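Peer 1: One file is attached below, entry.cif, containing mmCIF, C-alpha atoms.
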```
data_query
#
loop_
_atom_site.label_atom_id
_atom_site.label_comp_id
_atom_site.auth_asym_id
_atom_site.auth_seq_id
_atom_site.Cartn_x
_atom_site.Cartn_y
_atom_site.Cartn_z
CA MET A 414 256.72 35.11 115.90
CA HIS A 415 255.76 36.96 112.78
CA PRO A 416 252.11 37.88 112.48
CA ALA A 417 250.34 36.64 109.40
CA PRO A 418 250.01 39.27 106.67
CA ALA A 419 246.24 38.86 106.66
CA SER A 420 244.38 42.00 107.67
CA PHE A 421 241.18 42.42 109.52
CA GLY A 422 238.15 44.67 109.51
CA ASP A 423 236.64 47.13 107.09
CA ALA A 424 238.33 46.71 103.74
CA ASP A 425 237.76 50.39 103.03
CA ALA A 426 239.59 51.51 106.14
CA GLY A 427 242.87 53.23 105.50
CA ASP A 428 246.15 51.35 105.89
CA ALA A 429 246.77 53.21 109.12
CA ARG A 430 243.79 51.47 110.65
CA ARG A 431 244.77 48.00 109.51
CA ILE A 432 245.73 45.66 112.29
CA SER A 433 247.02 42.17 111.75
CA VAL A 434 244.89 39.27 112.90
CA ALA A 435 247.66 38.19 115.28
CA GLN A 436 247.61 41.63 116.89
CA VAL A 437 243.89 41.43 117.38
CA LEU A 438 244.16 37.91 118.79
CA VAL A 439 246.71 38.75 121.48
CA TYR A 440 244.24 41.31 122.81
CA GLU A 441 241.16 39.14 122.37
CA LEU A 442 242.48 35.85 123.70
CA ARG A 443 242.86 35.28 127.40
CA VAL A 444 245.39 33.32 129.42
CA ARG A 445 242.66 30.73 130.09
CA ASP A 446 242.40 30.11 126.32
CA ALA A 447 246.09 29.26 125.97
CA MET A 448 247.07 27.63 129.26
CA SER A 449 247.56 23.88 129.77
CA LYS A 450 244.88 22.50 132.01
CA PRO A 451 244.43 20.84 134.33
CA PRO A 452 247.93 21.55 135.59
CA ILE A 453 250.23 18.69 136.48
CA THR A 454 250.98 19.19 140.15
CA ALA A 455 252.73 17.52 143.03
CA ALA A 456 252.07 17.47 146.76
CA PRO A 457 254.41 19.26 149.20
CA THR A 458 255.34 15.92 150.68
CA ASP A 459 256.36 14.40 147.34
CA SER A 460 260.09 13.94 147.04
CA LEU A 461 262.08 15.83 144.44
CA ARG A 462 262.86 12.42 142.93
CA VAL A 463 259.15 11.81 142.35
CA ILE A 464 258.88 15.23 140.73
CA GLN A 465 261.95 14.54 138.55
CA THR A 466 260.24 11.36 137.29
CA LEU A 467 257.02 13.29 136.71
CA MET A 468 258.87 15.95 134.67
CA LYS A 469 260.56 13.31 132.59
CA SER A 470 257.41 11.28 131.88
CA ARG A 471 255.20 14.32 131.16
CA ARG A 472 257.95 16.31 129.41
CA ILE A 473 257.47 19.40 131.49
CA SER A 474 259.97 21.76 133.08
CA GLY A 475 258.09 23.03 136.09
CA VAL A 476 255.66 21.57 138.59
CA PRO A 477 253.41 23.61 140.90
CA ILE A 478 253.21 22.28 144.41
CA THR A 479 249.64 22.37 145.72
CA ARG A 480 247.41 21.39 148.53
CA GLY A 481 243.98 20.93 147.04
CA ASP A 482 243.60 23.89 144.64
CA ALA A 483 245.87 26.13 146.67
CA LEU A 484 249.26 26.95 145.19
CA LEU A 485 252.08 26.61 147.71
CA GLY A 486 255.15 26.85 145.52
CA ILE A 487 256.85 25.61 142.40
CA ILE A 488 259.68 23.27 141.52
CA SER A 489 261.56 23.98 138.31
CA ILE A 490 264.01 21.80 136.44
CA GLU A 491 266.79 23.99 137.83
CA ASP A 492 265.74 23.02 141.37
CA ILE A 493 266.00 19.37 140.36
CA ILE A 494 269.49 19.87 138.88
CA ASN A 495 270.60 21.61 142.08
CA ALA A 496 269.11 18.78 144.15
CA LEU A 497 271.00 16.16 142.15
CA ASP A 498 274.15 18.24 142.36
CA ARG A 499 273.94 18.77 146.08
CA GLY A 500 272.52 15.39 147.02
CA TYR A 501 269.02 16.20 148.37
CA ILE A 502 266.96 14.68 145.57
CA ASN A 503 265.08 12.45 147.99
CA GLU A 504 263.92 15.30 150.21
CA PRO A 505 260.33 16.57 150.01
CA ALA A 506 259.37 19.40 147.64
CA GLU A 507 258.25 21.74 150.42
CA ALA A 508 261.80 21.93 151.74
CA HIS A 509 263.19 23.38 148.51
CA MET A 510 260.37 24.83 146.44
CA ALA A 511 260.23 28.50 145.49
CA ARG A 512 257.48 29.98 147.59
CA ASN A 513 256.82 33.50 146.36
CA VAL A 514 255.59 32.34 143.00
CA VAL A 515 254.69 34.93 140.38
CA THR A 516 251.35 33.92 138.91
CA LEU A 517 249.04 35.09 136.14
CA ARG A 518 245.28 35.43 136.34
CA ASP A 519 243.21 33.38 133.94
CA HIS A 520 241.41 36.49 132.64
CA PHE A 521 244.61 38.32 131.62
CA SER A 522 244.98 39.00 127.91
CA LEU A 523 247.76 37.18 126.09
CA VAL A 524 249.45 40.49 125.37
CA ARG A 525 249.77 40.98 129.13
CA ALA A 526 251.01 37.41 129.55
CA VAL A 527 253.73 38.02 126.94
CA ALA A 528 254.75 41.19 128.80
CA GLU A 529 255.03 39.21 132.04
CA PHE A 530 257.25 36.62 130.36
CA ASP A 531 259.50 39.43 129.11
CA ARG A 532 259.62 41.04 132.54
CA HIS A 533 260.35 37.98 134.69
CA GLU A 534 262.29 35.64 132.44
CA PHE A 535 260.43 32.63 133.86
CA GLY A 536 259.74 29.71 131.57
CA ARG A 537 256.21 29.25 132.89
CA PHE A 538 253.57 30.82 135.12
CA PRO A 539 251.00 29.04 137.24
CA VAL A 540 247.56 30.46 136.45
CA LEU A 541 245.05 31.31 139.19
CA ASP A 542 241.36 32.08 138.84
CA GLY A 543 239.47 34.77 140.76
CA ASP A 544 239.19 32.50 143.80
CA GLU A 545 242.96 31.97 144.02
CA HIS A 546 242.62 28.40 142.76
CA LEU A 547 245.30 26.98 140.53
CA VAL A 548 243.59 26.30 137.21
CA GLY A 549 246.47 25.86 134.74
CA ILE A 550 250.02 26.58 133.76
CA ILE A 551 251.19 28.61 130.81
CA THR A 552 254.43 28.76 128.79
CA ARG A 553 255.48 30.88 125.81
CA GLY A 554 254.98 27.75 123.72
CA ASP A 555 251.34 27.55 124.86
CA ILE A 556 250.80 31.14 123.71
CA THR A 557 252.38 30.50 120.33
CA ASN A 558 250.34 27.32 119.82
CA CYS A 559 247.14 29.05 120.79
CA LEU A 560 247.78 31.95 118.42
CA MET A 561 248.67 29.60 115.58
CA GLN A 562 245.49 27.58 116.10
CA HIS A 563 243.32 30.68 116.13
CA LEU A 564 245.09 32.19 113.14
CA GLU A 565 244.48 28.99 111.27
CA ARG A 566 240.83 29.01 112.26
CA ARG A 567 240.43 32.66 111.20
CA ALA A 568 242.14 31.91 107.91
CA GLU A 569 239.77 28.99 107.32
CA GLU A 570 236.79 31.17 108.15
CA ALA A 571 238.01 33.88 105.79
CA LEU A 572 238.50 31.33 103.00
CA ALA A 573 235.05 29.86 103.63
CA GLN A 574 233.52 33.34 103.55
CA GLU A 575 235.34 34.15 100.34
CA ALA A 576 234.10 30.90 98.80
CA THR A 577 230.53 31.79 99.82
CA LEU A 578 230.86 35.23 98.27
CA ARG A 579 232.35 33.76 95.11
CA ALA A 580 229.51 31.25 94.89
CA ALA A 581 226.95 34.04 95.36
CA ARG A 582 228.64 36.10 92.65
CA ALA A 583 228.72 33.13 90.31
CA ALA A 584 225.02 32.51 90.98
CA ASP A 585 224.31 36.19 90.26
CA GLU A 586 226.26 35.99 87.02
CA ALA A 587 224.48 32.83 85.99
CA ALA A 588 221.14 34.49 86.67
CA ASN A 589 222.33 37.59 84.81
CA ARG A 590 221.87 39.52 88.01
CA VAL A 591 223.73 42.65 89.02
CA VAL A 592 223.60 43.81 92.61
CA ILE A 593 224.57 47.35 93.51
CA ARG A 594 224.96 47.94 97.20
CA ALA A 595 225.96 51.19 98.81
CA HIS A 596 225.99 52.77 102.22
CA VAL A 597 224.22 56.09 102.50
CA ARG A 598 225.33 58.57 105.13
CA THR A 599 222.99 60.96 106.80
CA GLY A 600 223.41 64.56 105.63
CA ASP A 601 225.60 63.59 102.69
CA TYR A 602 223.66 65.67 100.16
CA ASP A 603 226.60 65.82 97.77
CA SER A 604 226.55 62.08 97.17
CA ALA A 605 222.85 61.88 96.35
CA GLY A 606 222.27 60.28 92.97
CA LYS A 607 225.47 58.22 92.79
CA ILE A 608 223.66 54.91 93.28
CA SER A 609 220.91 55.79 90.88
CA GLN A 610 223.50 56.67 88.27
CA ARG A 611 225.41 53.40 88.70
CA MET A 612 222.16 51.50 88.35
CA ARG A 613 221.22 53.57 85.33
CA GLN A 614 224.50 52.64 83.65
CA VAL A 615 223.77 48.92 84.03
CA LEU A 616 220.25 49.38 82.67
CA ARG A 617 221.56 51.44 79.75
CA ASP A 618 224.14 48.76 78.92
CA ARG A 619 221.38 46.17 78.94
CA GLY A 620 219.26 48.20 76.58
CA VAL A 621 216.35 48.49 79.00
CA ASP A 622 213.54 50.81 77.87
CA PRO A 623 214.61 54.39 78.81
CA GLU A 624 211.27 55.06 80.51
CA ILE A 625 211.89 52.09 82.84
CA GLN A 626 215.45 53.32 83.40
CA ARG A 627 214.07 56.69 84.48
CA ARG A 628 211.47 55.19 86.78
CA ALA A 629 214.09 53.03 88.49
CA ALA A 630 216.42 56.02 88.73
CA VAL A 631 213.71 58.13 90.37
CA VAL A 632 212.96 55.41 92.94
CA ALA A 633 216.64 54.98 93.79
CA TYR A 634 217.24 58.73 93.93
CA GLU A 635 214.26 59.47 96.16
CA ALA A 636 214.99 56.50 98.42
CA GLU A 637 218.59 57.62 98.73
CA THR A 638 217.73 61.24 99.51
CA ASN A 639 215.17 60.06 102.07
CA ILE A 640 217.93 58.25 103.92
CA ILE A 641 220.23 61.28 103.63
CA ILE A 642 217.62 63.75 104.87
CA HIS A 643 215.61 61.82 107.40
CA SER A 644 217.50 58.84 108.76
CA LEU A 645 220.52 58.06 110.87
CA GLY A 646 222.10 56.39 107.85
CA GLY A 647 221.36 53.28 105.88
CA GLU A 648 221.92 51.29 102.76
CA ILE A 649 220.54 51.01 99.26
CA ILE A 650 220.56 47.66 97.48
CA ALA A 651 219.56 47.62 93.83
CA THR A 652 219.16 44.15 92.34
CA ILE A 653 218.87 44.10 88.59
CA ASP A 654 217.47 40.92 87.06
CA PRO A 655 216.55 40.38 83.43
CA ASP A 656 212.84 40.77 84.24
CA LYS A 657 212.81 43.26 87.11
CA ILE A 658 214.63 45.79 89.20
CA VAL A 659 214.33 45.55 92.97
CA ILE A 660 215.38 48.57 94.98
CA GLU A 661 215.64 48.18 98.72
CA ALA A 662 216.36 51.00 101.09
CA VAL A 663 217.08 50.13 104.67
CA ASP A 664 217.91 52.62 107.39
CA THR A 665 218.67 52.40 111.07
CA GLY A 666 215.99 54.80 112.26
CA PRO A 667 214.37 56.83 113.64
CA GLY A 668 211.46 55.48 111.56
CA ILE A 669 208.52 57.20 109.89
CA GLU A 670 205.86 58.19 112.40
CA SER A 671 203.03 57.74 109.94
CA VAL A 672 203.70 56.04 106.62
CA ASP A 673 200.17 56.94 105.46
CA GLN A 674 200.84 60.60 106.10
CA ALA A 675 204.25 60.45 104.43
CA MET A 676 202.63 58.97 101.32
CA GLN A 677 200.55 62.15 100.95
CA GLU A 678 201.97 64.67 98.57
CA GLY A 679 203.26 67.81 100.26
CA TRP A 680 203.72 66.29 103.72
CA SER A 681 207.32 66.62 104.82
CA THR A 682 209.34 66.67 108.01
CA ALA A 683 212.51 67.91 106.29
CA GLY A 684 214.49 70.61 108.06
CA ARG A 685 215.64 74.00 106.81
CA LEU A 686 218.88 72.99 105.07
CA PRO A 687 217.40 70.24 102.88
CA ARG A 688 214.49 72.53 102.02
CA GLU A 689 216.87 75.27 100.92
CA LEU A 690 218.55 72.74 98.65
CA GLY A 691 215.21 71.95 97.05
CA PHE A 692 214.50 68.77 99.00
CA GLY A 693 211.61 68.27 101.37
CA ALA A 694 208.86 68.91 98.85
CA GLY A 695 206.92 66.10 100.46
CA MET A 696 206.92 64.27 97.15
CA GLY A 697 209.58 61.65 97.71
CA LEU A 698 207.42 58.69 98.69
CA PRO A 699 204.59 59.63 96.28
CA ASN A 700 207.20 59.74 93.50
CA ILE A 701 208.52 56.34 94.53
CA LYS A 702 205.00 54.96 94.55
CA ARG A 703 204.22 56.37 91.11
CA CYS A 704 207.38 54.86 89.63
CA SER A 705 207.12 51.42 91.29
CA ASP A 706 205.10 48.44 90.11
CA GLU A 707 205.15 47.16 93.65
CA LEU A 708 205.99 48.99 96.83
CA LYS A 709 206.23 47.89 100.43
CA ILE A 710 207.25 50.16 103.28
CA THR A 711 207.59 49.08 106.86
CA SER A 712 208.75 51.44 109.53
CA ASP A 713 209.02 51.54 113.26
CA SER A 714 211.04 53.49 115.74
CA GLN A 715 212.98 50.40 116.83
CA GLN A 716 214.21 49.08 113.53
CA GLY A 717 214.03 52.07 111.22
CA THR A 718 212.49 52.05 107.79
CA ARG A 719 212.63 49.36 105.14
CA LEU A 720 211.46 50.16 101.64
CA HIS A 721 211.08 47.53 98.93
CA SER A 722 210.25 48.68 95.41
CA GLU A 723 209.95 46.55 92.31
CA ILE A 724 209.91 47.72 88.73
CA ARG A 725 209.19 45.16 86.03
CA ILE A 726 211.26 45.11 82.89
CA ARG A 727 209.18 44.31 79.87
CA LYS A 728 210.88 42.20 77.26
CA PRO A 729 211.24 44.17 74.04
CA GLY A 730 208.32 43.31 71.82
CA ALA A 731 206.26 41.76 74.60
CA ALA A 732 202.67 42.93 75.03
CA THR A 733 202.27 45.60 77.68
CA MET B 1228 197.87 66.21 76.69
CA ASN B 1229 199.43 68.69 74.31
CA THR B 1230 202.72 67.99 72.55
CA PRO B 1231 205.32 70.49 73.69
CA ALA B 1232 206.88 72.50 70.88
CA THR B 1233 210.61 72.12 70.40
CA LEU B 1234 213.15 74.88 70.13
CA THR B 1235 216.53 74.60 68.49
CA PHE B 1236 219.60 75.62 70.39
CA ALA B 1237 220.68 78.85 68.67
CA PRO B 1238 217.33 80.70 69.00
CA LEU B 1239 217.08 79.40 72.55
CA MET B 1240 220.40 81.01 73.45
CA ALA B 1241 219.45 84.24 71.71
CA ALA B 1242 216.04 84.46 73.37
CA LEU B 1243 217.52 83.94 76.81
CA GLN B 1244 220.63 86.07 76.35
CA ALA B 1245 222.18 82.98 77.90
CA GLU B 1246 225.73 81.88 78.45
CA ALA B 1247 226.57 78.22 77.93
CA LEU B 1248 228.50 76.74 80.87
CA THR B 1249 229.07 73.32 79.33
CA ASN B 1250 230.45 72.44 75.90
CA ARG B 1251 227.51 70.16 75.31
CA ARG B 1252 224.84 71.59 73.01
CA PRO B 1253 221.74 69.56 72.31
CA ASP B 1254 220.12 70.18 68.94
CA THR B 1255 216.75 70.95 70.43
CA VAL B 1256 214.86 71.12 73.67
CA ARG B 1257 211.38 69.73 73.90
CA GLY B 1258 209.13 71.42 76.42
CA CYS B 1259 210.00 73.25 79.59
CA TYR B 1260 209.54 72.81 83.33
CA ILE B 1261 210.11 75.34 86.07
CA SER B 1262 210.63 74.32 89.67
CA ASP B 1263 213.11 74.63 92.48
CA LEU B 1264 211.86 71.53 94.22
CA LEU B 1265 213.82 68.48 93.15
CA SER B 1266 211.13 65.89 93.79
CA ASP B 1267 208.67 68.03 91.85
CA VAL B 1268 211.01 67.92 88.87
CA LEU B 1269 211.45 64.17 89.29
CA ALA B 1270 207.69 63.83 89.27
CA HIS B 1271 206.79 66.12 86.40
CA ALA B 1272 209.70 66.85 84.05
CA GLU B 1273 209.95 64.88 80.83
CA PRO B 1274 213.02 63.68 78.93
CA GLY B 1275 214.54 66.24 76.57
CA MET B 1276 213.11 69.21 78.43
CA LEU B 1277 214.58 72.53 79.41
CA TRP B 1278 214.52 73.03 83.19
CA LEU B 1279 214.59 76.49 84.76
CA THR B 1280 215.76 76.75 88.35
CA ILE B 1281 217.62 78.94 90.80
CA GLN B 1282 219.11 75.90 92.57
CA THR B 1283 222.78 75.47 91.62
CA HIS B 1284 224.03 72.60 93.76
CA ARG B 1285 225.10 69.25 92.40
CA ASN B 1286 221.78 67.51 93.00
CA VAL B 1287 220.38 69.56 90.13
CA VAL B 1288 222.70 67.65 87.81
CA SER B 1289 221.73 64.32 89.42
CA VAL B 1290 218.05 65.06 89.03
CA ALA B 1291 218.49 66.24 85.44
CA ALA B 1292 220.45 63.08 84.62
CA THR B 1293 217.86 60.91 86.34
CA LYS B 1294 215.08 62.36 84.18
CA ASP B 1295 217.16 62.75 80.98
CA ILE B 1296 216.56 66.49 81.04
CA ALA B 1297 218.49 68.02 78.14
CA VAL B 1298 219.28 71.49 79.43
CA VAL B 1299 219.27 73.21 82.81
CA LEU B 1300 218.99 76.99 82.80
CA PHE B 1301 220.05 78.83 85.94
CA THR B 1302 218.16 82.12 86.12
CA CYS B 1303 218.79 85.39 87.94
CA GLY B 1304 222.48 85.22 87.03
CA ARG B 1305 223.15 82.20 89.20
CA ARG B 1306 226.03 79.89 88.38
CA PRO B 1307 227.14 76.59 89.86
CA GLU B 1308 230.63 75.69 91.10
CA PRO B 1309 233.05 74.58 88.35
CA GLU B 1310 233.07 70.94 89.54
CA ILE B 1311 229.32 70.81 89.04
CA VAL B 1312 229.81 71.93 85.43
CA THR B 1313 232.36 69.14 84.98
CA GLU B 1314 229.91 66.66 86.39
CA ALA B 1315 227.15 67.85 84.10
CA GLU B 1316 229.53 67.43 81.18
CA GLN B 1317 230.09 63.79 82.25
CA GLU B 1318 226.41 63.16 82.84
CA GLY B 1319 225.39 64.54 79.48
CA VAL B 1320 223.44 67.51 80.82
CA ALA B 1321 223.89 70.97 79.26
CA LEU B 1322 224.03 73.92 81.65
CA LEU B 1323 223.15 77.53 80.81
CA THR B 1324 222.93 80.67 82.85
CA THR B 1325 221.04 83.91 82.22
CA ARG B 1326 220.74 87.25 83.99
CA LEU B 1327 217.01 87.18 83.32
CA SER B 1328 214.62 86.32 86.13
CA THR B 1329 212.76 83.04 85.89
CA TYR B 1330 209.59 84.93 84.93
CA GLU B 1331 211.33 86.92 82.18
CA ALA B 1332 213.14 83.86 80.87
CA ALA B 1333 209.87 81.92 80.71
CA GLY B 1334 208.27 84.81 78.83
CA LYS B 1335 211.08 84.94 76.29
CA LEU B 1336 210.89 81.18 75.76
CA TRP B 1337 207.14 81.38 75.20
CA GLU B 1338 207.65 84.20 72.68
CA ALA B 1339 210.25 82.08 70.91
CA GLY B 1340 207.64 79.35 70.48
CA LEU B 1341 208.57 76.88 73.23
CA ARG B 1342 205.49 75.48 74.90
CA GLY B 1343 205.19 74.00 78.34
CA GLU B 1344 205.01 70.69 80.07
CA ASN B 1345 201.90 68.59 80.20
CA SER B 1346 199.15 70.21 82.18
CA HIS B 1347 198.50 68.76 85.60
CA GLU B 1348 195.18 67.18 86.14
#
```
Take the structure I supplied and represent it as structure tokens, if you would.

Peer 2:
Amino acid sequence: MHPAPASFGDADAGDARRISVAQVLVYELRVRDAMSKPPITAAPTDSLRVIQTLMKSRRISGVPITRGDALLGIISIEDIINALDRGYINEPAEAHMARNVVTLRDHFSLVRAVAEFDRHEFGRFPVLDGDEHLVGIITRGDITNCLMQHLERRAEEALAQEATLRAARAADEAANRVVIRAHVRTGDYDSAGKISQRMRQVLRDRGVDPEIQRRAAVVAYEAETNIIIHSLGGEIIATIDPDKIVIEAVDTGPGIESVDQAMQEGWSTAGRLPRELGFGAGMGLPNIKRCSDELKITSDSQQGTRLHSEIRIRKPGAAT
Amino acid sequence: MNTPATLTFAPLMAALQAEALTNRRPDTVRGCYISDLLSDVLAHAEPGMLWLTIQTHRNVVSVAATKDIAVVLFTCGRRPEPEIVTEAEQEGVALLTTRLSTYEAAGKLWEAGLRGENSHE
């Protein structure tokens, strides 16, 4: 079976890290997801003739012989052919069944199940649960069907997600909205300012008042450097609408101990390296506040810090 | 608030005994700010200014671009890495360097008629 060409995971990850969906599925899916259940079984006292009829009517090629949930043996189509050939088709299953049956556990991954099929050359395996009860039977065809179904479902999900994204983009375009979203890594001083510059470019192209461009750029720059210096990493989302710029900075912690204190000019917890680079003046949040029309900061040690700044864009010619 | 005096580029270079690192040459600079703290510059520098600093890493260019600072002067003979010069070129920021100390450079600029930033309240 050829895996679908679709890939999975972080789109930015290198090709070396790309794994096909089918590859992921054979590790994720379990034997219990693919097996036929409940299994079609026969009693040890059933004649091979009865089992032959059962195989024909249910279109199966192997029947586990059980007492209650306990697996005693298995009769395959080969056993039936031999029985017909040698004239003991009317004898009971227990006289001719294979007794040392190789089984799979229901929690095995499909990749392990495939390996067992390759190793033993059986057409099917009875499947037992943790209590040694027979819970199903699995063939290579079951595995293929299961993978195909899941691939199809994943493909549908991916298409639905793409449609949602496309709809969101279309809505943004209709609203004349540009959203810039970027991950910010802790300690990545060299990247500071990239987001603010991308945002600046959009504002410049839109002919926004340069003073408003600068204020927005300062907010984005300070918010970004705050994440770089103080947090465990986070994200900046700049949403540019015709009438306002919203800059959101979200990080994953450790949170600001006292937002009130951090709002005071000169108060900083920055370490030696950022200070040597000219950061840590204790002016970041005061600068953000000065440049924002609206500012909300929430912070706690559990969820990190969330900063929401809005800067209004005055229409050219409108009264201030 | 006093209006900062402007200084055209040629006398600026002469006064500072400066070397231009970028090809970009603004006609004039308008006012001056001196600080090595980036957030301080973000808070107080004005567009079109000359900024004196001893910091030479790439955030200087980002901050200058953010505030539309026209020229950055590295004092005490400091110079940035070549890729930072390239970036400044792209961002529209002119970079200069001088052997003068920040104090001496500021003195020369004052003598040449450049006045400072707005006073702080």

Peer 1: For the file shown, report as a VMD selection string the outcome of the PyMOL selection byres ((chain A) within 12 of (chain B)) at residue level.

Peer 2: chain A and resid 601 to 614 623 to 639 678 to 679 681 687 to 704

Peer 1: Taking the file as shown, what set of residues would the PyMOL selection byres ((chain B and resi 1335) around 12) give back, as number ranges by chain?

Peer 2: B: 1234, 1238-1245, 1325, 1327-1334, 1336-1342

Peer 1: Could you tell me which residues the PyMOL selection byres ((chain A and resi 667) around 12) grabs in this file, written as number ranges by chain?

Peer 2: A: 599, 640, 642-647, 663-666, 668-671, 712-719

Peer 1: Just the residues within 9 Å of Ile493 (chain A), please, counting all atoms listed in the file, with nothing from its chain fewer than 5 positions along; format it as a PyMOL selection string.

Peer 2: chain A and resi 461-462+464-465+488+498+502

Peer 1: Counting all atoms listed in the file, figure out which residue out of A:Pro451, A:Val527, A:Val437, A:Thr577 gets nearest to Gly554 (chain A).

Peer 2: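 For Gly554 (chain A), the nearest of the given residues is A:Val527.
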
Peer 1: Between B:Pro1307, B:Leu1279, B:Val1298, B:Ala1315, single out the one closest to Arg1252 (chain B), counting only C-alpha atoms.

Peer 2: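 Among B:Pro1307, B:Leu1279, B:Val1298, B:Ala1315, it is B:Val1298 that comes nearest to Arg1252 (chain B).
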
Peer 1: Name the residues in contact with Ile653 (chain A) at a cut-off of 7 Å, using all atoms listed in the file, excluding same-chain residues fewer than 3 positions from it; report them as a count of residues only.

Peer 2: 6

Peer 1: Excluding region 468-485 of chain A and residues on its chain fewer than 3 positions from it, collect all residues at most 7 Å away from it, counting only C-alpha atoms, and give them as a count of residues only.

Peer 2: 14

Peer 1: Calculate how many Å separate CA of Glu570 (chain A) from CA of Val434 (chain A), rounding to one decimal.

Peer 2: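 These two atoms are separated by 12.4 Å.
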
Peer 1: Pick out the closest residue to Ala1272 (chain B) from this set: B:Thr1233, B:Ile1296, B:Asp1254, B:Thr1249. Count only C-alpha atoms.

Peer 2: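 Checking each of B:Thr1233, B:Ile1296, B:Asp1254, B:Thr1249 against Ala1272 (chain B), counting only C-alpha atoms, the winner is B:Ile1296.
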
Peer 1: Report, in Å with one decimal, the straight-line distance from CA of Ile593 (chain A) to CA of Leu572 (chain A).

Peer 2: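 A separation of 23.3 Å between them.
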
Peer 1: Which distance in Å separates CA of Asn513 (chain A) and CA of Leu442 (chain A), to one decimal?

Peer 2: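 Separation between CA of Asn513 (chain A) and CA of Leu442 (chain A): 26.9 Å.
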